[in-house]
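Student: Handing over work.txt, compact mmCIF, N, CA and C atoms.
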# COMPACT_ATOMS: atom_id res chain seq x y z
N MET A 1 33.87 84.27 79.20
CA MET A 1 35.23 84.74 79.39
C MET A 1 35.20 85.98 80.29
N ILE A 2 36.12 86.03 81.23
CA ILE A 2 36.20 87.16 82.16
C ILE A 2 37.02 88.28 81.55
N ASP A 3 36.49 89.49 81.61
CA ASP A 3 37.21 90.68 81.13
C ASP A 3 38.31 90.99 82.13
N GLN A 4 39.56 90.88 81.72
CA GLN A 4 40.71 91.11 82.60
C GLN A 4 40.86 92.57 83.02
N ASN A 5 40.09 93.47 82.40
CA ASN A 5 40.16 94.89 82.76
C ASN A 5 39.19 95.25 83.88
N VAL A 6 38.35 94.30 84.29
CA VAL A 6 37.38 94.54 85.33
C VAL A 6 37.75 93.71 86.56
N ILE A 7 37.90 94.38 87.69
CA ILE A 7 38.22 93.67 88.93
C ILE A 7 36.99 92.87 89.35
N LEU A 8 37.20 91.61 89.63
CA LEU A 8 36.09 90.76 90.03
C LEU A 8 35.49 91.25 91.34
N PRO A 9 34.17 91.14 91.48
CA PRO A 9 33.50 91.64 92.69
C PRO A 9 33.57 90.63 93.84
N LEU A 10 34.79 90.23 94.19
CA LEU A 10 34.96 89.28 95.27
C LEU A 10 36.33 89.49 95.90
N SER A 11 36.46 88.92 97.07
CA SER A 11 37.73 88.99 97.79
C SER A 11 38.06 87.60 98.29
N ILE A 12 39.33 87.25 98.23
CA ILE A 12 39.78 85.94 98.67
C ILE A 12 40.56 86.11 99.97
N LYS A 13 40.25 85.29 100.96
CA LYS A 13 40.94 85.31 102.25
C LYS A 13 42.06 84.28 102.19
N VAL A 14 43.28 84.71 102.55
CA VAL A 14 44.41 83.80 102.56
C VAL A 14 45.05 83.79 103.94
N LYS A 15 45.82 82.76 104.22
CA LYS A 15 46.56 82.66 105.48
C LYS A 15 48.05 82.83 105.16
N LEU A 16 48.72 83.57 106.01
CA LEU A 16 50.15 83.80 105.84
C LEU A 16 50.94 82.86 106.74
N HIS A 17 52.11 82.47 106.31
CA HIS A 17 52.95 81.59 107.10
C HIS A 17 53.58 82.36 108.26
N ALA A 18 53.74 81.69 109.39
CA ALA A 18 54.42 82.29 110.53
C ALA A 18 55.84 82.68 110.11
N GLY A 19 56.29 83.81 110.59
CA GLY A 19 57.64 84.27 110.28
C GLY A 19 57.73 85.12 109.03
N THR A 20 56.62 85.29 108.32
CA THR A 20 56.60 86.13 107.13
C THR A 20 56.73 87.59 107.54
N SER A 21 57.57 88.35 106.85
CA SER A 21 57.69 89.78 107.14
C SER A 21 56.52 90.52 106.53
N ILE A 22 56.28 91.72 107.02
CA ILE A 22 55.17 92.51 106.48
C ILE A 22 55.40 92.83 105.00
N LEU A 23 56.63 93.08 104.60
CA LEU A 23 56.89 93.39 103.19
C LEU A 23 56.67 92.15 102.31
N GLU A 24 57.12 90.98 102.79
CA GLU A 24 56.89 89.74 102.04
C GLU A 24 55.38 89.47 101.92
N ALA A 25 54.67 89.67 103.02
CA ALA A 25 53.22 89.45 103.02
C ALA A 25 52.54 90.39 102.04
N SER A 26 52.92 91.66 102.08
CA SER A 26 52.32 92.66 101.19
C SER A 26 52.59 92.33 99.73
N LYS A 27 53.82 91.97 99.42
CA LYS A 27 54.17 91.61 98.04
C LYS A 27 53.37 90.39 97.58
N GLY A 28 53.25 89.41 98.46
CA GLY A 28 52.50 88.21 98.11
C GLY A 28 51.03 88.49 97.86
N LEU A 29 50.42 89.31 98.73
CA LEU A 29 49.01 89.64 98.56
C LEU A 29 48.77 90.41 97.26
N VAL A 30 49.63 91.37 96.97
CA VAL A 30 49.48 92.15 95.73
C VAL A 30 49.68 91.24 94.51
N HIS A 31 50.64 90.33 94.59
CA HIS A 31 50.87 89.41 93.48
C HIS A 31 49.63 88.55 93.21
N VAL A 32 49.05 88.00 94.27
CA VAL A 32 47.84 87.17 94.11
C VAL A 32 46.69 88.03 93.58
N ALA A 33 46.54 89.25 94.11
CA ALA A 33 45.47 90.14 93.63
C ALA A 33 45.63 90.43 92.14
N ASN A 34 46.86 90.69 91.71
CA ASN A 34 47.11 90.95 90.29
C ASN A 34 46.86 89.71 89.45
N THR A 35 47.29 88.56 89.92
CA THR A 35 47.14 87.31 89.17
C THR A 35 45.68 86.91 89.01
N LEU A 36 44.91 87.03 90.10
CA LEU A 36 43.51 86.60 90.08
C LEU A 36 42.53 87.73 89.75
N ASN A 37 43.05 88.96 89.70
CA ASN A 37 42.25 90.12 89.36
C ASN A 37 41.07 90.33 90.33
N CYS A 38 41.38 90.20 91.62
CA CYS A 38 40.36 90.41 92.64
C CYS A 38 41.02 90.85 93.94
N GLY A 39 40.21 91.19 94.92
CA GLY A 39 40.73 91.56 96.21
C GLY A 39 41.24 90.35 96.98
N VAL A 40 42.27 90.58 97.81
CA VAL A 40 42.83 89.52 98.64
C VAL A 40 43.05 90.10 100.03
N ASP A 41 42.66 89.35 101.07
CA ASP A 41 42.94 89.86 102.41
C ASP A 41 43.48 88.76 103.30
N ALA A 42 44.19 89.20 104.35
CA ALA A 42 44.80 88.28 105.30
C ALA A 42 44.95 89.00 106.63
N ASP A 43 44.96 88.24 107.70
CA ASP A 43 45.23 88.79 109.02
C ASP A 43 46.74 88.74 109.26
N PHE A 44 47.27 89.83 109.81
CA PHE A 44 48.70 89.91 110.09
C PHE A 44 48.89 90.68 111.39
N ASN A 45 49.26 89.99 112.45
CA ASN A 45 49.51 90.62 113.75
C ASN A 45 48.37 91.52 114.22
N GLY A 46 47.14 91.05 114.06
CA GLY A 46 45.99 91.81 114.53
C GLY A 46 45.48 92.88 113.59
N VAL A 47 46.07 92.96 112.40
CA VAL A 47 45.64 93.94 111.39
C VAL A 47 45.20 93.17 110.15
N THR A 48 44.06 93.55 109.59
CA THR A 48 43.62 92.96 108.33
C THR A 48 44.31 93.69 107.19
N LEU A 49 45.05 92.95 106.37
CA LEU A 49 45.69 93.50 105.18
C LEU A 49 44.75 93.29 104.00
N MET A 50 44.51 94.33 103.22
CA MET A 50 43.66 94.22 102.03
C MET A 50 44.44 94.69 100.82
N ALA A 51 44.52 93.83 99.80
CA ALA A 51 45.24 94.17 98.58
C ALA A 51 44.32 94.00 97.38
N PHE A 52 44.52 94.87 96.40
CA PHE A 52 43.74 94.83 95.17
C PHE A 52 44.71 94.94 93.99
N PRO A 53 44.26 94.54 92.79
CA PRO A 53 45.15 94.64 91.63
C PRO A 53 45.71 96.06 91.49
N GLU A 54 46.96 96.11 91.14
CA GLU A 54 47.71 97.36 90.91
C GLU A 54 48.09 98.09 92.20
N ASP A 55 47.82 97.52 93.37
CA ASP A 55 48.25 98.14 94.62
C ASP A 55 49.77 98.13 94.71
N ASP A 56 50.29 98.99 95.57
CA ASP A 56 51.73 99.07 95.82
C ASP A 56 52.02 98.38 97.15
N ALA A 57 52.84 97.34 97.12
CA ALA A 57 53.13 96.54 98.31
C ALA A 57 53.83 97.37 99.39
N VAL A 58 54.68 98.29 99.00
CA VAL A 58 55.38 99.12 99.99
C VAL A 58 54.40 100.01 100.73
N ARG A 59 53.47 100.63 100.00
CA ARG A 59 52.45 101.47 100.66
C ARG A 59 51.55 100.64 101.57
N LEU A 60 51.24 99.41 101.16
CA LEU A 60 50.45 98.52 102.01
C LEU A 60 51.20 98.23 103.31
N ALA A 61 52.49 97.93 103.20
CA ALA A 61 53.31 97.66 104.39
C ALA A 61 53.41 98.90 105.28
N GLU A 62 53.53 100.08 104.67
CA GLU A 62 53.59 101.32 105.45
C GLU A 62 52.27 101.58 106.18
N ASP A 63 51.15 101.32 105.51
CA ASP A 63 49.86 101.53 106.16
C ASP A 63 49.67 100.52 107.29
N PHE A 64 50.21 99.32 107.14
CA PHE A 64 50.16 98.34 108.22
C PHE A 64 50.83 98.93 109.47
N GLN A 65 51.99 99.55 109.30
CA GLN A 65 52.70 100.13 110.45
C GLN A 65 51.86 101.22 111.12
N ARG A 66 51.18 102.05 110.33
CA ARG A 66 50.31 103.09 110.88
C ARG A 66 49.14 102.47 111.65
N GLU A 67 48.52 101.47 111.04
CA GLU A 67 47.37 100.82 111.68
C GLU A 67 47.77 100.10 112.96
N LEU A 68 48.94 99.48 112.95
CA LEU A 68 49.41 98.75 114.12
C LEU A 68 49.54 99.68 115.32
N LYS A 69 49.95 100.92 115.08
CA LYS A 69 50.14 101.90 116.15
C LYS A 69 48.85 102.62 116.53
N SER A 70 47.83 102.52 115.69
CA SER A 70 46.59 103.26 115.95
C SER A 70 45.85 102.66 117.13
N LYS A 71 44.97 103.44 117.70
CA LYS A 71 44.17 102.99 118.83
C LYS A 71 42.82 102.42 118.37
N SER A 72 42.65 102.32 117.07
CA SER A 72 41.40 101.80 116.51
C SER A 72 41.17 100.35 116.92
N LYS A 73 39.93 100.02 117.19
CA LYS A 73 39.59 98.65 117.56
C LYS A 73 39.67 97.71 116.35
N HIS A 74 39.24 98.18 115.20
CA HIS A 74 39.26 97.40 113.96
C HIS A 74 40.33 97.98 113.05
N LYS A 75 41.43 97.27 112.90
CA LYS A 75 42.57 97.78 112.14
C LYS A 75 42.60 97.14 110.75
N VAL A 76 42.58 98.00 109.74
CA VAL A 76 42.62 97.55 108.35
C VAL A 76 43.67 98.35 107.62
N ALA A 77 44.60 97.66 106.99
CA ALA A 77 45.65 98.30 106.21
C ALA A 77 45.43 98.05 104.73
N MET A 78 45.63 99.09 103.93
CA MET A 78 45.53 98.96 102.48
C MET A 78 46.37 100.05 101.82
N ASP A 79 46.61 99.88 100.53
CA ASP A 79 47.31 100.92 99.76
C ASP A 79 46.32 102.06 99.59
N ARG A 80 46.57 103.14 100.30
CA ARG A 80 45.65 104.28 100.25
C ARG A 80 46.11 105.35 99.25
N GLY A 81 47.04 104.96 98.38
CA GLY A 81 47.53 105.89 97.38
C GLY A 81 48.60 106.79 97.93
N ALA A 82 49.05 107.69 97.10
CA ALA A 82 50.12 108.61 97.48
C ALA A 82 49.67 109.47 98.65
N PRO A 83 50.56 109.73 99.63
CA PRO A 83 50.18 110.54 100.79
C PRO A 83 49.83 111.97 100.43
Have the structure of the file written as structure tokens, please.

Tutor:
Amino acid sequence: MIDQNVILPLSIKVKLHAGTSILEASKGLVHVANTLNCGVDADFNGVTLMAFPEDDAVRLAEDFQRELKSKSKHKVAMDRGAP
């Protein structure tokens, strides 16, 4: 039996449907992360979105906007906690 209090040491890669908004994508990723108790990631407009159980979808979407504007070659957005 898996202990639901321990995040599984794995991440699941998912594909998002075309036309999905960043907020819808973030909410979906966080929902899957919470349901499966593991990390979930997806590519969204050239940025890798990473969600984990208990993440905040709004903060994930906000970090996506920051990463999208950054000059970094490898763009990764995640809930980085309160600013």

Student: Identify which of the residues A:Gln65, A:Gly19, A:Ala33, A:Lys71 lies closest to Pro53 (chain A), counting only N, CA and C atoms when measuring atom-to-atom distances.

Tutor: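 Among the listed residues, A:Ala33 lies closest to Pro53 (chain A).
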
Student: Between A:Leu36, A:Leu49, A:Asn5, A:Asp41, which is the closest to Val76 (chain A) once you count all atoms listed in the file?

Tutor: A:Leu49

Student: Once 8 Å is added on each side, what are the centre and the three edge lengths, in Å to one decimal, of the axis-aligned box enclosing the listed atoms of region 36-49 of chain A? Present them as lines of an AutoDock Vina configuration file.

Tutor:
center_x = 44.9
center_y = 90.3
center_z = 101.9
size_x = 25.3
size_y = 23.3
size_z = 41.2

Student: When DSSP is applied to the backbone of this structure, which of chain A are assigned alpha helix (DSSP H)? Write them out as a ChimeraX atom specification.

Tutor: /A:22-36,57-69

Student: Counting only N, CA and C atoms, which residue out of A:Ala42, A:Ala51, A:Val58, A:Val30 sits closest to Lys15 (chain A)?

Tutor: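 Among the listed residues, the smallest separation from Lys15 (chain A) belongs to A:Ala42.
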
Student: Pull the strand (DSSP E or B) assignments for chain A out of DSSP run on the backbone, and list those residues as a list in words.

Tutor: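 Across chain A, those assigned strand (DSSP E or B) are Ser11, Ile12, Lys13, Gly39, Val40, Asp41, Ala42, Asp43, Phe44, Val47, Thr48, Leu49, Met50, Ala51, Val76, Ala77 and Met78 of chain A.
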
Student: Rounded to one decimal in Å, what is the spacing between atom N of Ser11 (chain A) and atom C of Leu23 (chain A)?

Tutor: 21.1 Å

Student: Here is a test: counting only C-alpha atoms, which residue of A:Ile12, A:Ala77, A:His17, A:Val6 is nearest to Arg59 (chain A)?

Tutor: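 Residue with the minimum atom-to-atom distance to Arg59 (chain A): A:Ala77.
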
Student: Report, in Å to a single decimal, how far apart CA of Thr20 (chain A) and CA of Val40 (chain A) are.

Tutor: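 The value is 16.5 Å.
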
Student: Identify which of the residues A:Ile7, A:Ala57, A:Met78, A:Leu68 lies closest to Ser26 (chain A), counting all atoms listed in the file when measuring atom-to-atom distances.

Tutor: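 Looking at the shortest contact to Ser26 (chain A), the residue is A:Ala57.
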
Student: CA of Phe52 (chain A) and atom N of Glu67 (chain A) are how many Å apart?

Tutor: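 One can read the CA of Phe52 (chain A) to atom N of Glu67 (chain A) distance as 17.9 Å.
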
Student: Just the residues within 8 Å of Arg80 (chain A), please, counting only N, CA and C atoms, with nothing from its chain fewer than 3 positions along; format it as a ChimeraX atom specification.

Tutor: /A:55-56,59-60,63,77,83
